[in-house]
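**Q** Have a look at this one.
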2 protein chains.
Amino acid sequence: MRPVTGERELRGVAVYPDIVIGKAHLIDRSRVKILYQCFVNGEELDREVERFKEAVHTVEDQFVSLKRKMPDKVKDQSFILDSHLMILKDGMLYDSTVKTILKEKINAEWALKKSLEEIREVFEQIDDEYISNRISDVENVTERLLRTLSGDTGQSLGEIDQRVIIVAHDLSPADTTELNTARVMGFITDVGGKTSHTAIMAQALEIPAVVGLESATALVEDGDLLIVDGSSGVVVINPDDSAIIHYQEKKLQLQKYKSSIARTSHLPAETPDGCRVAITANIEFLEEVTAAKDYGGEGIGLYRTEFLYLRGKGFPEEEDLFDDYREVVEIMNPAPVTIRTLDLGGDKFASEIAISGESNPALGLRAIRFCLREPEIFKAQLRAILRASLYGKIQLMFPMISGLQELLDAKQILEQVKEELDRDNIEYDTNMEVGIMVEIPSAVAMAEVLARHVDFFSIGTNDLIQYALAIDRINEHVAYMYEPFHPAILRMIRQVVKAARDAGIEVALCGEMAGDPLCVSILLGNGIDRLSMNARSIPLIKKMVRTIPMKQAKADLKKIMALNTAKEVRAYILEGTKRMFPELEEKGYLLD
Amino acid sequence: MRPVTGERELRGVAVYPDIVIGKAHLIDRSRVKILYQCFVNGEELDREVERFKEAVHTVEDQFVSLKRKMPDKVKDQSFILDSHLMILKDGMLYDSTVKTILKEKINAEWALKKSLEEIREVFEQIDDEYISNRISDVENVTERLLRTLSGDTGQSLGEIDQRVIIVAHDLSPADTTELNTARVMGFITDVGGKTSHTAIMAQALEIPAVVGLESATALVEDGDLLIVDGSSGVVVINPDDSAIIHYQEKKLQLQKYKSSIARTSHLPAETPDGCRVAITANIEFLEEVTAAKDYGGEGIGLYRTEFLYLRGKGFPEEEDLFDDYREVVEIMNPAPVTIRTLDLGGDKFASEIAISGESNPALGLRAIRFCLREPEIFKAQLRAILRASLYGKIQLMFPMISGLQELLDAKQILEQVKEELDRDNIEYDTNMEVGIMVEIPSAVAMAEVLARHVDFFSIGTNDLIQYALAIDRINEHVAYMYEPFHPAILRMIRQVVKAARDAGIEVALCGEMAGDPLCVSILLGNGIDRLSMNARSIPLIKKMVRTIPMKQAKADLKKIMALNTAKEVRAYILEGTKRMFPELEEKGYLLD
């Protein structure tokens with residue numbers, strides 16, 4: 001369709017349906033992840049040697065200037081860098097790398113890596129741990145040399161000062177938090193899949209991104225013009241004019257479609273055959289409340305309260321918490337706000353309360369476990385929530401409940417706080433509902449018992465899927481197993497809904513499944529009362545609810561529950577969704 | 001009863017019911033965990049200064065001798081140690097510590113620690129990461145100094161050459177693997193509980209141990225005479241004669257009781273009302289097979305096959321695997337041997353196949369996931385198992401199955417291997433049974449489907465409890481939640497047994513629950529066909545099975561399943577077990 005000239009097209013995994021055109025900003029983090037290795041010959045060889053020697057000089061200069069930059073108080077300690085300067089010029093590293101380049105006819109990086117390996121072997125033979133550990137100094141120096149060779153200046157993502165498209169091998173969670181969203185128009189990465197951390201971040205930041213491109217960092221040069229199509233997963237390097245026109249037109253179409261969905265987002269989510277579902281928003285910051293309303297959210301179904309604890313200023317005062325909660329509640333009033341108590345721990349621990357050295361933080365001292373161990377911290381939050389409950393409708397929700405005992409313990413602390421407030425003549429909503437996240441497999445097994453002790457359930461599918469399948473979805477080796485359509489997950493959801501129905505309590509679902517277009521029919525069929533999701537997903541999900549008859553959802557679910565593998569379930573759902581909503585595939589909303 | 005003289009008694013958690021009397025060997029691992037801090041005055045002050053200076057000299061000598069000991073090939077690198085020598089004599093460390101001792105009137109360790117903190121603060125202000133990371137060099141030197149001050153010679157546990165009782169703050173998994181069981185008579189630790197790694201190791205090594213003593217390392221001096229009573233949790237420091245006589249008598253009684261149980265260990269495990277349960281052994285090494293038979297094991301219910309992969313010599317050859325499996329099978333023939341395929345990964349990865357940087361290895365690329373990704377490694381093992389199946393009765397078992405797809409994938413590879421063997425005219429047992437470990441919550445949810453595709457289930461409660469409750473029991477902060485009696489676990493076991501019954505397949509249980517005296521009645525009541533456990537537990541469990549009527553077990557289970565918290569379940573069971581087996585409590589077999 002379009003003539004191809006000097007441009008080049010790559011295909012990866014689309015993770016956010018929008019299109020952006022901009023300059024590439026190639027980054028490589030402190031660890032040199034891909035070592036460029038190649039054979040060289042003829043005059044190239046001398047150039048490699050020269051390149052290596054230049055890198056050594058550069059690093060040497062850096063060390064010297066670092067030494068000079070050291071504050072007066074530690075000037076005396078500057079000898080620490082001397083050993084690094086010496087390593088730089090050491091025979092085993094310097095001479096040997098030069099020799100290897102010439103002898104094996106390989107590039108500088110490769111030769112340097114070989115020298116390091118040789119030195120490492122020697123160090124490993126040393127039977128004194130203290131000395132053999134000193135290899136880390138050699139590694140540090142080598143790494144700095146490799147980075148210099150690769151042209152990486154070690155620039156932090158936070159320092160980017162033009163509007164660019166980030167091109168990286170991978171972005172760590174730390175990288176993405178550093179992203180200056182005002183400057184970053186989009187990003188593309190070599191690794192990652194639809195459920196990778198980077199994908200989730202792109203969606204949260206609402207910036208176009210394509211991941212899993214494999215060789216983007218090798219093929220894109222810094223400053224290249226890029227088109228990133230986050231709806232189809234296509235990246236065009238140095239596009240010609242016709243490509244630019246084509247994608248600008250496509251971007252316009254995507255925006256039009258988005259607007260068309262948005263137009264009906266304030267209508268209620270009611271199926272054609274008259275079944276009503278509440279659609280609410282998940283938020284993390286006070287600032288998101290307005291967007292939640294704008295997108296048509298009928299309340300806040302999950303207010304994550306960790307932020308105020310993670311600012312690194314120590315634990316927040318009850319007063320600060322109260323102000324924050326009160327404002328959210330007042331803005332939403334009379335719509336309900338479900339506040340989840342502190343879910344710190346695992347990987348999201350503030351430094352001062354970090355549990356050092358948990359080898360499996362996801363299975364560690366998290367959430368309600370932490371709160372029960374630190375009742376004073378817990379009580380301050382509960383007081384703030386209770387006080388704010390006067391200003392609107394609050395539902396209180398405990399995370400990570402594993403069984404009845406924990407729930408009773410948490411409720412007992414809540415009662416103590418209420419008594420304290422009574423004693424101090426401080427008012428609160430005495431009818432405030434109390435519920436739990438169902439996100440641990442044991443809570444599913446105990447759902448029927450737990451339902452008798454709470455006012456509502458909220459199924460947290462993100463964690464539930466991870467624990468039920470024993471996988472960490474951040475781990476790229478097993479991320480492929482993260483699968484909402486695993487029949488075990490569908491059975492667990494069904495079991496929880498049934499327990500809630502039998503006890504006559506409300507059941508919500510607030511994991512990513514709630515905002516996934518492919519899951520709408522299943523969740524409707526199950527009879528979930530409330531779906532809580534990222535605000536930006538609300539318009540589309542509402543539109544889908546308003547299109548799918550409950551009768552059909554129930555009939556489909558019956559067929560789905562007879563399937564025994566996630567693959568079959570996914571295929572069935574994908575086919576049905578494409579048939580009913582053909583435009584979704586075309587616009588890049590079906591991320592399968 | 002016994003007059004107390006200079007002796008002192010400590011109480012902790014008993015973890016292996018035996019008694020030992022011996023010399024204390026105080027160890028402290030490379031990290032100095034408890035820093036002894038105190039104020040000193042008068043002439044003591046000079047002594048502290050002297051002590052510090054001596055420690056510096058000692059460490060200096062160590063560095064110099066380390067430098068000399070460096071192999072010729074790295075002699076050139078010895079300058080790496082020079083910076084450490086310089087740190088040792090640096091003003092901020094050396095002069096400042098001496099000054100602080102005299103000025104603040106505190107001991108050398110405390111003063112040194114303060115100097116380190118000051119230096120750390122300065123380093124932290126440096127805005128170059130490269131330099132500020134160099135603080136680790138200062139830390140290394142300080143640590144070595146602290147160790148020298150505390151009299152720790154850094155001796156490895158493997159080097160202990162007399163028979164001693166280890167006294168430690170804690171023992172790491174690495175420490176315990178290093179333990180020379182011929183030399184170590186027992187151990188006591190400050191931390192740990194009944195499910196801690198140390199407790200499990202004591203049981204595996206069958207040596208008396210008491211953990212969770214809190215201040216053992218502070219109160220015991222190297223060389224003290226100790227009595228460790230692993231049945232009651234009592235440790236006596238420097239006992240007088242009457243205590244020694246008392247505990248020797250008690251030890252005799254414990255041994256008599258053990259012998260009395262052992263006498264009936266070769267009788268079948270049949271309840272008084274005629275229900276038969278198979279009792280088999282879990283083993284890890286070929287060498288354990290004989291013990292399994294001696295203890296009355298009616299087969300090997302779980303042969304863990306990781307050892308041959310973890311010797312650090314690369315992956316084993318099919319031939320080596322075959323020889324190993326064949327020998328186990330031949331010794332046990334005609335009793336069955338259940339071989340579990342490779343369960344590498346998580347924390348038990350061989351270095352060469354280590355998945356670097358998994359932040360939650362327990363939720364990572366483990367077991368069958370690893371095998372499906374590395375089919376050649378998997379196939380070599382399957383070939384060896386199939387070939388060995390000719391020499392007795394092998395049951396093949398896949399670990400960590402999460403759903404039907406994984407099982408089908410694994411079985412397909414098994415079929416490929418069978419076809420290859422057929423092609424090569426190599427014989428194997430064509431009727432070899434294939435089963436799975438049920439140890440992931442999703443497998444429980446899918447049990448009814450999975451049961452139609454296998455010949456048997458084996459419930460792996462150790463992992464199942466961890467995943468179902470989302471806890472890592474090695475993590476001391478949440479180890480308290482590790483609870484076989486959690487009603488969710490009991491429900492899951494019931495669900496798996498029901499699925500097996502409905503499909504007409506055998507159901508075994510091979511987690512630690514199988515060998516726990518408190519669990520026997522519950523497992524009997526559930527109708528588990530086979531209990532597989534540490535060989536040493538077999539005699540007692542057999543005796544209990546031969547005592548508890550099935551009718552009673554079923555009636556008890558009914559009452560237990562109506563209870564809603566682990567606490568209630570545990571209290572109920574403990575009471576019943578004590579009533580029926582009063583001697584168990586007295587002899588220290590009930591570790592509650």
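How things are named: the first chain in the structure tokens is A, the next is B, and so on; residues count from 1 in each chain; ligands count from 1 in the order shown.
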Considering only C-alpha atoms, extract the chain B residues located within 7 Å of chain A and return them as a PDB file with N, CA and C atoms, in the first residue's frame.
**A**
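File produced: selection-v9.pdb:
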ATOM      1  N   MET B  70      48.608 -14.778  47.650  1.00  0.00           N
ATOM      2  CA  MET B  70      47.957 -14.705  46.339  1.00  0.00           C
ATOM      3  C   MET B  70      48.758 -15.487  45.310  1.00  0.00           C
ATOM      4  N   VAL B  74      48.052 -13.784  39.966  1.00  0.00           N
ATOM      5  CA  VAL B  74      47.360 -12.547  40.342  1.00  0.00           C
ATOM      6  C   VAL B  74      48.204 -11.668  41.251  1.00  0.00           C
ATOM      7  N   PHE B  79      47.584  -5.113  44.585  1.00  0.00           N
ATOM      8  CA  PHE B  79      47.370  -3.726  45.008  1.00  0.00           C
ATOM      9  C   PHE B  79      45.929  -3.511  45.461  1.00  0.00           C
ATOM     10  N   ILE B  80      45.050  -4.434  45.034  1.00  0.00           N
ATOM     11  CA  ILE B  80      43.649  -4.303  45.444  1.00  0.00           C
ATOM     12  C   ILE B  80      43.559  -4.293  46.973  1.00  0.00           C
ATOM     13  N   SER B  83      44.451  -0.776  49.151  1.00  0.00           N
ATOM     14  CA  SER B  83      43.488   0.240  49.572  1.00  0.00           C
ATOM     15  C   SER B  83      42.857  -0.172  50.892  1.00  0.00           C
ATOM     16  N   VAL B 122      29.377  10.707  55.265  1.00  0.00           N
ATOM     17  CA  VAL B 122      30.155  11.501  54.324  1.00  0.00           C
ATOM     18  C   VAL B 122      30.033  10.932  52.915  1.00  0.00           C
ATOM     19  N   ILE B 126      28.205  12.234  48.796  1.00  0.00           N
ATOM     20  CA  ILE B 126      28.889  12.335  47.516  1.00  0.00           C
ATOM     21  C   ILE B 126      27.886  12.050  46.407  1.00  0.00           C
ATOM     22  N   GLU B 358      15.778 -13.355  39.973  1.00  0.00           N
ATOM     23  CA  GLU B 358      14.342 -13.506  40.174  1.00  0.00           C
ATOM     24  C   GLU B 358      14.024 -12.879  41.516  1.00  0.00           C
ATOM     25  N   SER B 359      13.062 -11.947  41.530  1.00  0.00           N
ATOM     26  CA  SER B 359      12.839 -11.294  42.816  1.00  0.00           C
ATOM     27  C   SER B 359      11.911 -12.113  43.699  1.00  0.00           C
ATOM     28  N   ASN B 360      11.216 -13.067  43.144  1.00  0.00           N
ATOM     29  CA  ASN B 360      10.434 -14.008  43.933  1.00  0.00           C
ATOM     30  C   ASN B 360      10.660 -15.417  43.385  1.00  0.00           C
ATOM     31  N   PRO B 361      11.827 -16.005  43.692  1.00  0.00           N
ATOM     32  CA  PRO B 361      12.158 -17.292  43.069  1.00  0.00           C
ATOM     33  C   PRO B 361      11.110 -18.378  43.313  1.00  0.00           C
ATOM     34  N   ALA B 362      10.410 -18.310  44.458  1.00  0.00           N
ATOM     35  CA  ALA B 362       9.402 -19.338  44.711  1.00  0.00           C
ATOM     36  C   ALA B 362       8.267 -19.256  43.695  1.00  0.00           C
ATOM     37  N   LEU B 363       8.121 -18.089  43.060  1.00  0.00           N
ATOM     38  CA  LEU B 363       7.075 -17.909  42.054  1.00  0.00           C
ATOM     39  C   LEU B 363       7.700 -17.845  40.665  1.00  0.00           C
ATOM     40  N   GLY B 364       8.849 -18.465  40.514  1.00  0.00           N
ATOM     41  CA  GLY B 364       9.608 -18.300  39.276  1.00  0.00           C
ATOM     42  C   GLY B 364       9.668 -19.526  38.394  1.00  0.00           C
ATOM     43  N   LEU B 365      10.737 -19.593  37.635  1.00  0.00           N
ATOM     44  CA  LEU B 365      10.909 -20.663  36.654  1.00  0.00           C
ATOM     45  C   LEU B 365      11.394 -21.929  37.345  1.00  0.00           C
ATOM     46  N   SER B 402       0.344 -26.878  37.195  1.00  0.00           N
ATOM     47  CA  SER B 402      -0.609 -25.819  37.546  1.00  0.00           C
ATOM     48  C   SER B 402      -1.950 -25.977  36.844  1.00  0.00           C
ATOM     49  N   LEU B 404      -4.180 -28.254  33.285  1.00  0.00           N
ATOM     50  CA  LEU B 404      -4.197 -29.361  32.325  1.00  0.00           C
ATOM     51  C   LEU B 404      -3.174 -29.193  31.205  1.00  0.00           C
ATOM     52  N   GLN B 405      -3.022 -27.962  30.708  1.00  0.00           N
ATOM     53  CA  GLN B 405      -2.139 -27.776  29.567  1.00  0.00           C
ATOM     54  C   GLN B 405      -0.718 -28.247  29.865  1.00  0.00           C
ATOM     55  N   ILE B 440       0.022 -26.716  43.882  1.00  0.00           N
ATOM     56  CA  ILE B 440      -0.278 -25.340  43.471  1.00  0.00           C
ATOM     57  C   ILE B 440      -1.794 -25.170  43.573  1.00  0.00           C
ATOM     58  N   PRO B 441      -2.257 -24.051  44.132  1.00  0.00           N
ATOM     59  CA  PRO B 441      -3.706 -23.909  44.333  1.00  0.00           C
ATOM     60  C   PRO B 441      -4.530 -24.141  43.064  1.00  0.00           C
ATOM     61  N   SER B 442      -4.003 -23.706  41.909  1.00  0.00           N
ATOM     62  CA  SER B 442      -4.795 -23.885  40.682  1.00  0.00           C
ATOM     63  C   SER B 442      -4.980 -25.366  40.364  1.00  0.00           C
ATOM     64  N   ALA B 445      -7.921 -26.495  42.287  1.00  0.00           N
ATOM     65  CA  ALA B 445      -9.164 -26.068  41.642  1.00  0.00           C
ATOM     66  C   ALA B 445      -9.487 -26.936  40.437  1.00  0.00           C
ATOM     67  N   MET B 446      -8.436 -27.446  39.777  1.00  0.00           N
ATOM     68  CA  MET B 446      -8.629 -28.249  38.569  1.00  0.00           C
ATOM     69  C   MET B 446      -8.542 -29.751  38.837  1.00  0.00           C
ATOM     70  N   TYR B 467       1.791 -21.523  48.953  1.00  0.00           N
ATOM     71  CA  TYR B 467       1.115 -20.795  47.877  1.00  0.00           C
ATOM     72  C   TYR B 467      -0.313 -20.431  48.265  1.00  0.00           C
ATOM     73  N   ALA B 468      -1.001 -21.365  48.914  1.00  0.00           N
ATOM     74  CA  ALA B 468      -2.411 -21.118  49.249  1.00  0.00           C
ATOM     75  C   ALA B 468      -2.537 -19.939  50.206  1.00  0.00           C
ATOM     76  N   LEU B 469      -1.576 -19.806  51.124  1.00  0.00           N
ATOM     77  CA  LEU B 469      -1.643 -18.718  52.094  1.00  0.00           C
ATOM     78  C   LEU B 469      -0.765 -17.538  51.689  1.00  0.00           C
ATOM     79  N   ALA B 470      -0.092 -17.653  50.550  1.00  0.00           N
ATOM     80  CA  ALA B 470       0.788 -16.586  50.073  1.00  0.00           C
ATOM     81  C   ALA B 470       1.846 -16.223  51.106  1.00  0.00           C
ATOM     82  N   ILE B 471       2.522 -17.241  51.610  1.00  0.00           N
ATOM     83  CA  ILE B 471       3.612 -16.989  52.542  1.00  0.00           C
ATOM     84  C   ILE B 471       4.841 -17.805  52.166  1.00  0.00           C
ATOM     85  N   ASP B 472       5.973 -17.293  52.584  1.00  0.00           N
ATOM     86  CA  ASP B 472       7.242 -17.978  52.410  1.00  0.00           C
ATOM     87  C   ASP B 472       7.672 -18.390  53.805  1.00  0.00           C
ATOM     88  N   ASN B 475      10.734 -17.181  55.537  1.00  0.00           N
ATOM     89  CA  ASN B 475      10.705 -15.790  55.984  1.00  0.00           C
ATOM     90  C   ASN B 475      10.181 -15.730  57.419  1.00  0.00           C
ATOM     91  N   HIS B 477       9.314 -13.475  59.295  1.00  0.00           N
ATOM     92  CA  HIS B 477       8.238 -12.538  59.621  1.00  0.00           C
ATOM     93  C   HIS B 477       6.851 -13.118  59.387  1.00  0.00           C
ATOM     94  N   VAL B 478       6.765 -14.090  58.500  1.00  0.00           N
ATOM     95  CA  VAL B 478       5.440 -14.649  58.211  1.00  0.00           C
ATOM     96  C   VAL B 478       5.372 -16.149  58.490  1.00  0.00           C
ATOM     97  N   ALA B 488      -8.535 -23.604  55.255  1.00  0.00           N
ATOM     98  CA  ALA B 488      -8.455 -23.579  53.784  1.00  0.00           C
ATOM     99  C   ALA B 488      -7.638 -24.765  53.276  1.00  0.00           C
ATOM    100  N   ARG B 491      -9.660 -27.896  53.543  1.00  0.00           N
ATOM    101  CA  ARG B 491     -10.659 -27.955  52.473  1.00  0.00           C
ATOM    102  C   ARG B 491     -10.034 -28.357  51.151  1.00  0.00           C
ATOM    103  N   ASN B 564     -13.603 -23.024  62.011  1.00  0.00           N
ATOM    104  CA  ASN B 564     -13.300 -21.986  61.023  1.00  0.00           C
ATOM    105  C   ASN B 564     -11.931 -21.338  61.139  1.00  0.00           C
ATOM    106  N   THR B 565     -11.179 -21.664  62.190  1.00  0.00           N
ATOM    107  CA  THR B 565      -9.828 -21.105  62.287  1.00  0.00           C
ATOM    108  C   THR B 565      -8.835 -22.211  62.643  1.00  0.00           C
TER     109      THR B 565
END
**Q** What's around Gly460 (chain B) at 8 Å? Count only C-alpha atoms, leave out sequence neighbours fewer than 2 positions away in its own chain, and write the answer as a list in words.
**A**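 Final neighbour list, sorted by chain and number: Met437, Val438, Glu439, Ser458, Asn462, Asp463, Leu464, Leu509, Cys510 and Gly511 of chain B.
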**Q** Which neighbours of region 44-47 of chain B fall inside 12 Å, counting only C-alpha atoms, when residues of the same chain fewer than 2 positions from it are skipped, and could you give them as a VMD selection string?
**A** chain B and resid 38 to 42 49 to 54 98 to 108 111
**Q** Using only C-alpha atoms, pick whichever of B:Ile27, B:Leu116, B:Thr280, B:Val236 has the shortest atom-to-atom distance to Leu171 (chain B).
**A**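 For Leu171 (chain B), the nearest of the candidates is B:Ile27.
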**Q** Could you state the separation of CA of Asp190 (chain A) and CA of Lys251 (chain A) in Å, given to one decimal place?
**A**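 Computing it gives 23.7 Å between the two atoms.
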**Q** Which residues in region 527-589 of chain B does DSSP call strand (DSSP E or B)? List them as a list in words.
**A**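 Reading the DSSP output for region 527-589 of chain B, strand (DSSP E or B) covers Arg530, Leu531, Ser532, Met533 and Asn534 of chain B.
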**Q** Name the residues of region 180-416 of chain A that come out as helix (DSSP H, G or I) in a backbone DSSP run; write them as a PyMOL selection string.
**A** chain A and resi 197-205+216-219+241-262+286-294+307-309+318-332+351-353+361-363+367-373+375-391+404-416
**Q** Can you tell me which residues surround Val289 (chain A) at a distance of at most 12 Å, considering only C-alpha atoms, apart from same-chain residues fewer than 6 positions away, and format the answer as a VMD selection string?
**A** chain A and resid 280 to 283 295 to 303 324 to 325 327 to 333 335 337 534 to 535
**Q** What does the structure give for the distance between CA of Ala410 (chain A) and CA of Leu396 (chain A), in Å to one decimal?
**A**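 Distance between the two atoms: 11.4 Å.
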**Q** By how many Å are CA of Glu306 (chain B) and CA of Glu374 (chain B) apart?
**A**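 Between these atoms lies a distance of 15.2 Å.
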**Q** Rank nothing, just name the residue among B:Glu319, B:Glu249, B:Asp18, B:Asp502 nearest to Gly230 (chain B), using only C-alpha atoms.
**A**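 Result for the nearest residue to Gly230 (chain B): B:Asp18.
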